[in-house]
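Asker: Contents are CSV, C-alpha atoms and all ligand atoms; file name final-v3.csv:
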```
chain,number,residue,atom,x,y,z
A,1,MET,CA,-5.7,-0.4,30.1
A,2,ALA,CA,-2.2,-1.2,31.4
A,3,ILE,CA,0.6,0.8,30.0
A,4,THR,CA,3.9,-0.6,31.3
A,5,ASP,CA,6.5,1.8,29.9
A,6,ASP,CA,7.0,4.7,27.6
A,7,THR,CA,6.2,2.7,24.5
A,8,GLY,CA,3.5,0.6,26.1
A,9,GLY,CA,5.6,-2.5,26.3
A,10,SER,CA,6.4,-4.6,29.3
A,11,GLY,CA,10.0,-5.2,28.1
A,12,GLU,CA,10.2,-8.9,29.0
A,13,ALA,CA,13.6,-10.4,28.4
A,14,SER,CA,12.4,-13.3,26.3
A,15,SER,CA,10.1,-11.2,24.1
A,16,HIS,CA,9.9,-7.7,22.8
A,17,GLY,CA,6.7,-7.1,24.8
A,18,ASP,CA,3.1,-7.7,25.6
A,19,TYR,CA,0.6,-5.1,24.5
A,20,ASP,CA,-3.1,-4.4,24.4
A,21,LEU,CA,-2.8,-3.8,20.7
A,22,ILE,CA,-0.3,-4.6,17.9
A,23,ILE,CA,-0.6,-2.8,14.6
A,24,VAL,CA,1.1,-4.5,11.7
A,25,GLY,CA,2.2,-1.9,9.1
A,26,ALA,CA,3.1,1.7,9.2
A,27,GLY,CA,1.4,3.2,6.2
A,28,PRO,CA,-1.3,5.8,6.6
A,29,ALA,CA,-3.7,3.3,8.2
A,30,GLY,CA,-1.2,2.0,10.7
A,31,LEU,CA,0.1,5.4,11.7
A,32,SER,CA,-3.4,6.8,12.2
A,33,ALA,CA,-4.3,3.7,14.2
A,34,GLY,CA,-1.3,4.1,16.4
A,35,ILE,CA,-2.2,7.7,17.2
A,36,TYR,CA,-5.8,6.9,18.1
A,37,ALA,CA,-4.9,3.8,20.1
A,38,ARG,CA,-2.4,5.5,22.3
A,39,ARG,CA,-4.7,8.5,22.8
A,40,ALA,CA,-7.4,6.1,23.9
A,41,GLY,CA,-5.0,4.7,26.5
A,42,LEU,CA,-4.1,1.3,24.9
A,43,SER,CA,-0.6,0.0,25.2
A,44,CYS,CA,0.5,-0.4,21.6
A,45,VAL,CA,3.3,-0.8,19.1
A,46,ILE,CA,3.5,-0.6,15.3
A,47,LEU,CA,5.6,-3.3,13.6
A,48,GLU,CA,6.8,-2.3,10.2
A,49,LYS,CA,8.9,-4.5,8.0
A,50,GLY,CA,10.5,-1.7,6.1
A,51,VAL,CA,10.2,2.0,6.9
A,52,PRO,CA,7.1,4.0,7.7
A,53,GLY,CA,5.0,5.3,4.8
A,54,GLY,CA,3.8,2.4,2.7
A,55,GLN,CA,3.0,2.8,-0.9
A,56,VAL,CA,2.5,6.5,-0.6
A,57,LEU,CA,6.3,6.9,-0.4
A,58,THR,CA,6.4,6.1,-4.1
A,59,SER,CA,3.8,8.7,-5.1
A,60,PRO,CA,5.4,11.7,-6.8
A,61,LYS,CA,2.7,14.1,-6.0
A,62,ILE,CA,-0.4,14.0,-3.8
A,63,GLU,CA,-3.1,16.6,-4.5
A,64,ASN,CA,-6.1,15.3,-2.6
A,65,TYR,CA,-5.1,14.9,1.0
A,66,PRO,CA,-6.9,17.7,2.9
A,67,GLY,CA,-4.5,20.2,4.4
A,68,PHE,CA,-1.9,19.8,1.7
A,69,GLN,CA,-2.8,21.3,-1.7
A,70,GLU,CA,0.2,19.6,-3.2
A,71,ILE,CA,2.8,17.5,-1.5
A,72,GLU,CA,5.3,14.7,-2.4
A,73,GLY,CA,4.2,11.3,-1.0
A,74,MET,CA,7.5,10.9,0.8
A,75,LYS,CA,7.2,14.3,2.5
A,76,LEU,CA,3.6,13.6,3.6
A,77,MET,CA,4.6,10.3,5.1
A,78,GLU,CA,7.5,11.9,6.9
A,79,VAL,CA,5.2,14.3,8.6
A,80,MET,CA,2.6,11.6,9.4
A,81,ALA,CA,5.2,9.3,10.9
A,82,GLU,CA,6.7,12.1,13.0
A,83,HIS,CA,3.3,12.8,14.3
A,84,ALA,CA,2.7,9.1,15.1
A,85,ARG,CA,6.1,8.8,16.9
A,86,ALA,CA,5.0,11.4,19.3
A,87,TYR,CA,2.6,8.8,20.7
A,88,VAL,CA,3.7,5.3,19.7
A,89,ASP,CA,6.8,3.2,19.1
A,90,ILE,CA,7.3,2.3,15.5
A,91,ARG,CA,9.6,-0.7,15.1
A,92,GLU,CA,11.2,-0.5,11.7
A,93,GLY,CA,12.6,-3.5,9.9
A,94,GLU,CA,10.4,-5.7,12.1
A,95,GLU,CA,8.7,-8.2,9.7
A,96,VAL,CA,5.9,-10.3,11.2
A,97,ILE,CA,6.6,-13.8,10.0
A,98,ARG,CA,3.8,-15.7,11.7
A,99,VAL,CA,0.8,-14.9,13.9
A,100,THR,CA,-1.0,-17.4,16.1
A,101,ARG,CA,-3.8,-17.3,18.6
A,102,VAL,CA,-2.9,-18.7,22.0
A,103,ASP,CA,-5.7,-18.6,24.5
A,104,ASP,CA,-6.7,-14.9,24.8
A,105,ARG,CA,-3.6,-13.5,23.1
A,106,PHE,CA,-2.1,-13.2,19.7
A,107,GLU,CA,1.6,-14.3,19.5
A,108,LEU,CA,3.6,-12.7,16.7
A,109,ALA,CA,6.9,-14.1,15.6
A,110,THR,CA,9.0,-11.4,13.8
A,111,THR,CA,12.4,-11.3,12.2
A,112,THR,CA,13.9,-10.2,15.6
A,113,GLY,CA,11.8,-11.9,18.2
A,114,LYS,CA,8.3,-12.3,19.7
A,115,PHE,CA,5.5,-10.0,20.6
A,116,SER,CA,2.1,-10.6,22.0
A,117,SER,CA,-1.1,-8.7,22.3
A,118,ARG,CA,-4.8,-8.9,23.1
A,119,ALA,CA,-5.8,-7.4,19.8
A,120,ILE,CA,-4.3,-6.8,16.4
A,121,ILE,CA,-4.8,-4.4,13.5
A,122,LEU,CA,-3.7,-5.5,10.1
A,123,ALA,CA,-2.6,-2.5,8.1
A,124,THR,CA,-0.3,-4.5,5.9
A,125,GLY,CA,-1.1,-2.7,2.6
A,126,SER,CA,-0.7,-4.1,-0.8
A,127,TYR,CA,2.1,-4.6,-3.4
A,128,HIS,CA,2.4,-3.9,-7.1
A,129,ARG,CA,0.7,-6.3,-9.5
A,130,HIS,CA,3.0,-7.6,-12.3
A,131,LEU,CA,2.1,-7.9,-16.0
A,132,GLY,CA,3.4,-11.5,-16.1
A,133,VAL,CA,4.8,-11.1,-19.6
A,134,PRO,CA,8.1,-12.4,-21.0
A,135,GLY,CA,11.1,-10.2,-20.1
A,136,GLU,CA,9.4,-8.5,-17.1
A,137,ASN,CA,11.2,-10.4,-14.3
A,138,ARG,CA,14.4,-10.7,-16.1
A,139,LEU,CA,14.6,-7.0,-16.8
A,140,SER,CA,13.2,-5.8,-13.5
A,141,GLY,CA,15.6,-3.1,-12.2
A,142,ARG,CA,17.1,-2.9,-15.7
A,143,GLY,CA,14.5,-0.8,-17.3
A,144,VAL,CA,11.4,-2.4,-15.8
A,145,SER,CA,10.2,-0.4,-12.8
A,146,TYR,CA,7.1,-0.3,-10.5
A,147,CYS,CA,8.0,3.1,-9.0
A,148,ALA,CA,8.3,6.2,-11.2
A,149,THR,CA,9.4,8.4,-8.3
A,150,CYS,CA,12.1,6.0,-7.2
A,151,ASP,CA,13.5,5.2,-10.7
A,152,GLY,CA,12.3,8.0,-13.0
A,153,PHE,CA,15.5,9.9,-12.6
A,154,PHE,CA,17.5,7.2,-14.5
A,155,PHE,CA,15.3,7.7,-17.5
A,156,LYS,CA,15.5,11.5,-17.8
A,157,LYS,CA,14.9,12.7,-21.4
A,158,ARG,CA,14.5,9.1,-22.7
A,159,ALA,CA,11.5,7.3,-24.2
A,160,VAL,CA,9.4,5.3,-21.7
A,161,VAL,CA,6.1,3.5,-21.6
A,162,VAL,CA,3.7,3.6,-18.7
A,163,VAL,CA,1.3,0.6,-18.5
A,164,GLY,CA,-2.1,1.1,-16.9
A,165,GLY,CA,-5.1,3.4,-16.9
A,166,GLY,CA,-5.6,4.2,-13.2
A,167,ASN,CA,-4.6,7.1,-11.0
A,168,THR,CA,-1.1,5.6,-10.5
A,169,ALA,CA,-0.4,5.2,-14.2
A,170,LEU,CA,-1.4,8.8,-15.0
A,171,THR,CA,0.3,10.3,-12.0
A,172,ASP,CA,3.5,8.4,-13.0
A,173,ALA,CA,3.1,9.5,-16.6
A,174,LEU,CA,2.8,13.2,-15.6
A,175,TYR,CA,5.8,12.9,-13.3
A,176,LEU,CA,8.0,11.2,-16.0
A,177,HIS,CA,6.8,13.9,-18.6
A,178,SER,CA,7.8,16.6,-16.1
A,179,ILE,CA,11.4,15.3,-15.9
A,180,GLY,CA,11.7,15.3,-19.7
A,181,CYS,CA,10.8,11.7,-20.6
A,182,THR,CA,9.0,11.0,-23.9
A,183,VAL,CA,6.0,9.2,-22.4
A,184,THR,CA,3.6,6.7,-24.1
A,185,ILE,CA,0.8,5.4,-22.0
A,186,VAL,CA,-0.3,1.9,-22.9
A,187,HIS,CA,-3.8,0.9,-21.7
A,188,ARG,CA,-5.7,-2.3,-22.3
A,189,ARG,CA,-9.1,-0.6,-22.7
A,190,ASP,CA,-10.5,2.3,-24.6
A,191,ALA,CA,-11.0,4.5,-21.6
A,192,PHE,CA,-9.0,5.4,-18.5
A,193,ARG,CA,-10.3,4.8,-15.0
A,194,ALA,CA,-8.1,7.6,-13.6
A,195,ASP,CA,-9.6,10.8,-12.2
A,196,LYS,CA,-10.8,13.3,-14.9
A,197,HIS,CA,-8.4,15.9,-13.5
A,198,LEU,CA,-5.5,13.6,-14.3
A,199,GLN,CA,-6.8,12.7,-17.7
A,200,ASP,CA,-7.1,16.4,-18.6
A,201,SER,CA,-3.5,17.0,-17.5
A,202,ILE,CA,-2.3,14.2,-19.7
A,203,SER,CA,-4.2,15.7,-22.7
A,204,GLU,CA,-2.8,19.2,-22.0
A,205,ARG,CA,0.7,17.8,-22.1
A,206,GLY,CA,0.1,15.9,-25.3
A,207,ALA,CA,1.5,12.6,-24.0
A,208,GLU,CA,1.0,9.7,-26.5
A,209,VAL,CA,-1.8,7.3,-25.4
A,210,LEU,CA,-2.3,3.9,-27.0
A,211,PHE,CA,-5.7,2.6,-26.0
A,212,ASP,CA,-6.8,-1.0,-26.5
A,213,THR,CA,-3.2,-2.0,-26.4
A,214,VAL,CA,-1.3,-4.5,-24.3
A,215,VAL,CA,2.4,-5.3,-23.7
A,216,ASP,CA,3.1,-8.8,-24.9
A,217,GLU,CA,6.8,-8.8,-24.2
A,218,ILE,CA,9.6,-6.6,-22.8
A,219,MET,CA,12.7,-6.9,-24.8
A,220,GLY,CA,16.4,-6.2,-24.3
A,221,ALA,CA,19.6,-8.2,-23.7
A,222,GLU,CA,21.0,-6.5,-20.6
A,223,GLU,CA,18.6,-3.6,-20.4
A,224,VAL,CA,15.2,-2.8,-21.8
A,225,ASP,CA,15.4,-1.6,-25.4
A,226,ALA,CA,11.9,-2.2,-26.7
A,227,VAL,CA,8.4,-3.4,-26.0
A,228,LYS,CA,6.2,-5.6,-28.1
A,229,LEU,CA,2.7,-4.2,-28.3
A,230,ARG,CA,-0.6,-5.7,-29.5
A,231,ASN,CA,-3.8,-3.9,-30.3
A,232,VAL,CA,-6.5,-6.1,-28.7
A,233,LYS,CA,-9.2,-5.0,-31.2
A,234,THR,CA,-7.3,-5.3,-34.5
A,235,GLY,CA,-4.7,-7.8,-33.4
A,236,ALA,CA,-2.0,-5.6,-35.0
A,237,VAL,CA,1.5,-6.1,-33.4
A,238,ASP,CA,4.2,-3.5,-33.2
A,239,THR,CA,7.6,-3.0,-31.6
A,240,LYS,CA,8.3,0.3,-29.9
A,241,ALA,CA,11.8,1.3,-28.9
A,242,VAL,CA,12.0,2.5,-25.3
A,243,SER,CA,14.4,2.6,-22.4
A,244,GLY,CA,12.0,2.1,-19.6
A,245,VAL,CA,8.7,0.3,-18.8
A,246,PHE,CA,6.8,1.6,-15.8
A,247,VAL,CA,4.2,-0.9,-14.7
A,248,ALA,CA,1.2,0.6,-12.9
A,249,VAL,CA,-1.5,-2.0,-13.2
A,250,GLY,CA,-2.9,-2.0,-9.7
A,251,GLU,CA,-2.3,-3.6,-6.4
A,252,VAL,CA,-2.4,-7.1,-4.8
A,253,PRO,CA,-3.3,-7.1,-1.0
A,254,SER,CA,-0.7,-8.3,1.5
A,255,SER,CA,-3.1,-10.5,3.3
A,256,GLN,CA,-1.0,-13.5,4.3
A,257,LEU,CA,-1.3,-12.8,8.0
A,258,ALA,CA,-5.0,-12.3,7.6
A,259,ALA,CA,-5.2,-15.8,6.0
A,260,GLU,CA,-3.2,-17.3,9.0
A,261,LEU,CA,-5.8,-15.8,11.4
A,262,GLY,CA,-8.7,-17.2,9.5
A,263,VAL,CA,-10.0,-13.8,8.5
A,264,LYS,CA,-12.6,-13.6,5.8
A,265,MET,CA,-11.5,-12.2,2.5
A,266,ASP,CA,-13.1,-11.3,-0.9
A,267,PRO,CA,-12.1,-13.3,-4.0
A,268,GLY,CA,-9.3,-10.7,-4.7
A,269,GLY,CA,-7.8,-11.4,-1.3
A,270,PHE,CA,-8.9,-8.1,0.3
A,271,VAL,CA,-9.9,-8.5,3.9
A,272,THR,CA,-13.6,-8.1,4.6
A,273,VAL,CA,-14.4,-5.6,7.3
A,274,ASP,CA,-17.6,-4.1,8.7
A,275,MET,CA,-18.1,-0.3,9.0
A,276,SER,CA,-16.1,-0.3,12.3
A,277,PHE,CA,-13.2,-2.1,10.6
A,278,ARG,CA,-13.7,-5.3,12.5
A,279,THR,CA,-13.0,-8.5,10.7
A,280,ASN,CA,-15.0,-11.8,11.3
A,281,VAL,CA,-12.3,-12.9,13.8
A,282,PRO,CA,-12.7,-11.4,17.3
A,283,TYR,CA,-10.1,-8.8,18.2
A,284,VAL,CA,-8.7,-8.7,14.7
A,285,TYR,CA,-9.2,-5.4,12.7
A,286,ALA,CA,-8.0,-4.4,9.2
A,287,ALA,CA,-7.6,-1.0,7.6
A,288,GLY,CA,-6.0,0.6,4.6
A,289,ASP,CA,-5.2,-1.0,1.3
A,290,VAL,CA,-5.4,-4.6,2.6
A,291,ALA,CA,-9.1,-4.0,3.3
A,292,GLY,CA,-9.7,-2.7,-0.3
A,293,GLY,CA,-12.3,0.0,-0.8
A,294,ILE,CA,-11.4,3.2,-2.5
A,295,ARG,CA,-7.8,2.9,-1.5
A,296,GLN,CA,-7.1,6.6,-0.9
A,297,ILE,CA,-4.9,8.0,1.9
A,298,VAL,CA,-7.8,9.8,3.5
A,299,ALA,CA,-9.7,6.5,3.6
A,300,ALA,CA,-6.8,4.6,5.1
A,301,VAL,CA,-6.4,7.2,7.8
A,302,HIS,CA,-10.1,6.9,8.6
A,303,GLY,CA,-9.9,3.1,8.6
A,304,GLY,CA,-6.9,3.1,11.0
A,305,ALA,CA,-8.6,5.5,13.4
A,306,ALA,CA,-11.9,3.6,13.3
A,307,ALA,CA,-10.1,0.2,13.8
A,308,ALA,CA,-8.2,1.5,16.8
A,309,LEU,CA,-11.4,2.9,18.4
A,310,SER,CA,-13.1,-0.4,17.8
A,311,ALA,CA,-10.3,-2.3,19.5
A,312,PHE,CA,-10.5,0.1,22.4
A,313,GLU,CA,-14.2,-0.5,22.7
A,314,ASP,CA,-13.9,-4.3,22.5
A,315,LEU,CA,-10.9,-4.5,24.9
A,316,ALA,CA,-12.8,-2.4,27.5
A,317,LYS,CA,-15.5,-5.1,27.7
A,318,PRO,CA,-15.3,-8.4,29.4
A,319,TYR,CA,-13.5,-10.9,27.2
A,320,PHE,CA,-15.6,-12.1,24.3
A,321,SER,CA,-18.8,-10.5,25.6
A,322,ARG,CA,-18.9,-8.3,22.5
A,323,TYR,CA,-18.8,-11.4,20.2
A,324,SER,CA,-21.0,-13.7,22.2
A,325,GLY,CA,-23.9,-11.4,21.6
B,401,LIG,P1,-6.2,0.7,-10.3
B,401,LIG,O1,-7.0,1.9,-10.1
B,401,LIG,O2,-6.6,-0.7,-9.9
B,401,LIG,O3,-5.8,0.7,-11.8
B,401,LIG,C1,-5.1,-0.4,-12.4
B,401,LIG,C2,-5.0,-0.2,-13.9
B,401,LIG,O4,-4.3,-1.2,-14.5
B,401,LIG,C3,-6.4,-0.2,-14.6
B,401,LIG,O5,-6.5,0.8,-15.5
B,401,LIG,C4,-6.4,-1.6,-15.1
B,401,LIG,O6,-7.2,-1.7,-16.3
B,401,LIG,C5,-5.0,-1.9,-15.5
B,401,LIG,N1,-4.6,-3.3,-15.4
B,401,LIG,C6,-4.9,-4.2,-14.3
B,401,LIG,N2,-4.3,-5.4,-14.6
B,401,LIG,C7,-3.7,-5.2,-15.8
B,401,LIG,C8,-3.0,-6.2,-16.6
B,401,LIG,N3,-2.7,-7.4,-16.2
B,401,LIG,N4,-2.5,-5.7,-17.8
B,401,LIG,C9,-2.7,-4.4,-18.2
B,401,LIG,N5,-3.4,-3.5,-17.5
B,401,LIG,C10,-3.9,-3.9,-16.3
B,401,LIG,O7,-4.7,0.8,-9.6
B,401,LIG,P2,-3.8,2.1,-9.3
B,401,LIG,O8,-3.9,3.1,-10.4
B,401,LIG,O9,-2.5,1.6,-8.8
B,401,LIG,O10,-4.6,2.7,-8.1
B,401,LIG,C11,-4.8,2.0,-6.9
B,401,LIG,C12,-5.7,2.8,-5.9
B,401,LIG,O11,-4.9,3.9,-5.5
B,401,LIG,C13,-6.9,3.4,-6.6
B,401,LIG,O12,-8.0,3.4,-5.6
B,401,LIG,C14,-6.5,4.8,-6.9
B,401,LIG,O13,-7.6,5.7,-6.9
B,401,LIG,C15,-5.6,5.1,-5.7
B,401,LIG,N6,-4.6,6.1,-6.2
B,401,LIG,C16,-5.0,7.4,-6.1
B,401,LIG,C17,-4.2,8.4,-6.5
B,401,LIG,C18,-4.7,9.8,-6.4
B,401,LIG,O14,-5.8,10.0,-5.9
B,401,LIG,N7,-4.0,10.8,-6.9
B,401,LIG,C19,-2.9,8.2,-7.0
B,401,LIG,C20,-2.5,6.8,-7.1
B,401,LIG,C21,-3.4,5.8,-6.7
B,401,LIG,P3,-8.8,-1.6,-16.4
B,401,LIG,O15,-9.1,-0.1,-16.2
B,401,LIG,O16,-9.1,-2.1,-17.7
B,401,LIG,O17,-9.3,-2.4,-15.3
```
For this file, produce the structure as structure tokens.
Answerer:
Amino acid sequence: MAITDDTGGSGEASSHGDYDLIIVGAGPAGLSAGIYARRAGLSCVILEKGVPGGQVLTSPKIENYPGFQEIEGMKLMEVMAEHARAYVDIREGEEVIRVTRVDDRFELATTTGKFSSRAIILATGSYHRHLGVPGENRLSGRGVSYCATCDGFFFKKRAVVVVGGGNTALTDALYLHSIGCTVTIVHRRDAFRADKHLQDSISERGAEVLFDTVVDEIMGAEEVDAVKLRNVKTGAVDTKAVSGVFVAVGEVPSSQLAAELGVKMDPGGFVTVDMSFRTNVPYVYAAGDVAGGIRQIVAAVHGGAAAALSAFEDLAKPYFSRYSG
């Protein structure tokens, strides 16, 4: 595999470089892919629209990534990005706007220029699902938050609701409780889907839990001052005074580039991959949250590594021979 300079790019004046492989996204999947791709000898760059880390940056505490009994999401991603940088160039603030196939290459237009490559790994992650209730957008950033670690500080010792019943909701609730918030968890069903370990921690702390309840409206003139709640079984409606609403109701895949490439997706928009993280489109791979699955850091790291090794294997063969059977 041709490697033309330190970062693997050819440094052409009219573009930012031509590579064997371009990885889009610098979350755990993208970083892991970068390490494996460069160690395999592929010229490679990671394009990241923001900063490395992905959604893990917003996780207050990670307790299930082997090697770290307990670590802040931000810290874990700092360590992972530093490790990846030892091998691969990570271009921050480089958003991929469009991707097209031209002959045997992918051409990527970004916010700053053009890149091209023979293969591409989509590690574009996912973003927070919204509740879609009145008041949510208007009061976003004024009491409505999608990130307890980022915004929790502003709600210290105040009353907040956390909406959702998954691992994120319960982790956020525990974090907010730990900084002195009075936390109420509002969940639409009568059981959490979060890990038992997190459920036990919530019970031990005595946080209020409202099962079978949904938020119908988020209220407040300039800032959140209450939520309108409805019990889905009884139909009873109640208004609860709170300063903050932390929405943790799951993720929506960032699969726009996948759609442009004609990659097959499931009805939820998650990219379909095989066990080697190949998509249905030759030389396009996907890993991490955009590819669905159990959506754990450890799984994203596995997916990134496997995708990079698949790319290496495919690129080592005569063009398209792998796909022509
Ligand atoms: P999730 O597991 O998909 O849970 C989303 C929760 O929001 C569910 O309880 C769901 O209710 C509820 N929900 C969905 N849409 C809703 C709506 N419109 N209104 C009200 N409630 C709604 O999402 P997540 O908690 O963000 O976790 C995403 C992935 O990251 C998961 O795979 C999770 O395991 C992983 N994660 C892991 C950790 C950890 O291991 N410590 C921490 C954070 C996240 P239903 O249950 O009724 O569907």
Asker: Hey, what's within 12 Å of Val99 (chain A) if we count only C-alpha atoms and toss same-chain stuff fewer than 5 positions away? As a VMD selection string, please?
Answerer: chain A and resid 22 24 105 to 110 114 to 117 119 to 122 256 to 262 284
Asker: Give as a VMD selection string the residues surrounding ligand LIG 401 (chain B) up to a distance of 7 Å, considering only C-alpha atoms and all ligand atoms.
Answerer: chain A and resid 59 62 to 64 130 to 131 163 to 169 171 187 to 189 192 to 194 214 248 to 251 294 to 296
Asker: Between A:Thr124, A:Pro60, A:Leu210, A:Thr111, which is the closest to Ile46 (chain A) once you count all atoms listed in the file?
Answerer: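 Comparing A:Thr124, A:Pro60, A:Leu210, A:Thr111 against Ile46 (chain A), the winner is A:Thr124.
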Asker: Between CA of Ala300 (chain A) and CA of Pro28 (chain A), what is the distance, to one decimal in Å?
Answerer: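 Separation of CA of Ala300 (chain A) and CA of Pro28 (chain A): 5.8 Å.
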Asker: With distances taken over only C-alpha atoms, which residue among A:Ala40, A:Ile179, A:Leu170, A:Ala226 lies nearest Asp195 (chain A)?
Answerer: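 Checking each of A:Ala40, A:Ile179, A:Leu170, A:Ala226 against Asp195 (chain A), counting only C-alpha atoms, the winner is A:Leu170.
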Asker: Please provide the set of residues having any atom within 12 Å of Val237 (chain A), restricted to only C-alpha atoms, with same-chain residues fewer than 3 positions apart removed, written as a list of chain:residue names.
Answerer: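 That gives A:Asp212, A:Thr213, A:Val214, A:Val215, A:Asp216, A:Glu217, A:Val227, A:Lys228, A:Leu229, A:Arg230, A:Asn231, A:Val232, A:Lys233, A:Thr234, A:Lys240.
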Asker: Which value, in Å to one decimal, gives the distance between CA of Met80 (chain A) and CA of Cys147 (chain A)?
Answerer: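 CA of Met80 (chain A) sits 21.0 Å away from CA of Cys147 (chain A).
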Asker: Fewer than 5 positions away in the same chain doesn't count, so skip those; otherwise give me all residues within 6 Å of Gly304 (chain A), counting only C-alpha atoms, as a PyMOL selection string.
Answerer: chain A and resi 29-30+32-33+287
Asker: Suppose you want the space between CA of Lys49 (chain A) and CA of Ala81 (chain A); what is it in Å?
Answerer: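 Separation between CA of Lys49 (chain A) and CA of Ala81 (chain A): 14.6 Å.
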Asker: Taking the partial coordinates given, rebuild region 252-258 of chain A to contain all heavy atoms; return it as a tab-separated table (two decimals), in the coordinates of the input.
Answerer:
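Output saved as rebuild-v7.tsv:
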```
chain	number	residue	atom	x	y	z
A	252	VAL	N	-2.00	-5.75	-5.30
A	252	VAL	CA	-2.40	-7.10	-4.80
A	252	VAL	C	-2.32	-6.93	-3.23
A	252	VAL	O	-1.30	-6.48	-2.72
A	252	VAL	CB	-1.47	-8.18	-5.25
A	252	VAL	CG1	-1.92	-9.53	-4.71
A	252	VAL	CG2	-1.41	-8.18	-6.77
A	253	PRO	N	-3.37	-7.28	-2.49
A	253	PRO	CA	-3.30	-7.10	-1.00
A	253	PRO	C	-2.30	-8.01	-0.36
A	253	PRO	O	-2.13	-9.16	-0.76
A	253	PRO	CB	-4.74	-7.46	-0.58
A	253	PRO	CG	-5.29	-8.32	-1.66
A	253	PRO	CD	-4.65	-7.87	-2.94
A	254	SER	N	-1.64	-7.48	0.67
A	254	SER	CA	-0.70	-8.30	1.50
A	254	SER	C	-1.52	-8.91	2.61
A	254	SER	O	-1.54	-8.39	3.73
A	254	SER	CB	0.40	-7.40	2.05
A	254	SER	OG	1.12	-6.80	1.02
A	255	SER	N	-2.18	-10.00	2.31
A	255	SER	CA	-3.10	-10.50	3.30
A	255	SER	C	-2.75	-11.91	3.82
A	255	SER	O	-3.59	-12.66	4.31
A	255	SER	CB	-4.54	-10.58	2.67
A	255	SER	OG	-4.52	-11.07	1.35
A	256	GLN	N	-1.45	-12.22	3.79
A	256	GLN	CA	-1.00	-13.50	4.30
A	256	GLN	C	-1.28	-13.73	5.77
A	256	GLN	O	-1.74	-14.78	6.20
A	256	GLN	CB	0.49	-13.68	4.01
A	256	GLN	CG	1.00	-15.09	4.23
A	256	GLN	CD	2.50	-15.09	4.45
A	256	GLN	OE1	3.22	-14.32	3.83
A	256	GLN	NE2	2.97	-15.93	5.36
A	257	LEU	N	-1.03	-12.68	6.57
A	257	LEU	CA	-1.30	-12.80	8.00
A	257	LEU	C	-2.77	-12.95	8.28
A	257	LEU	O	-3.19	-13.70	9.17
A	257	LEU	CB	-0.73	-11.58	8.77
A	257	LEU	CG	0.78	-11.38	8.73
A	257	LEU	CD1	1.15	-10.09	9.46
A	257	LEU	CD2	1.50	-12.57	9.36
A	258	ALA	N	-3.56	-12.24	7.49
A	258	ALA	CA	-5.00	-12.30	7.60
A	258	ALA	C	-5.45	-13.79	7.38
A	258	ALA	O	-6.28	-14.35	8.10
A	258	ALA	CB	-5.70	-11.40	6.65
```
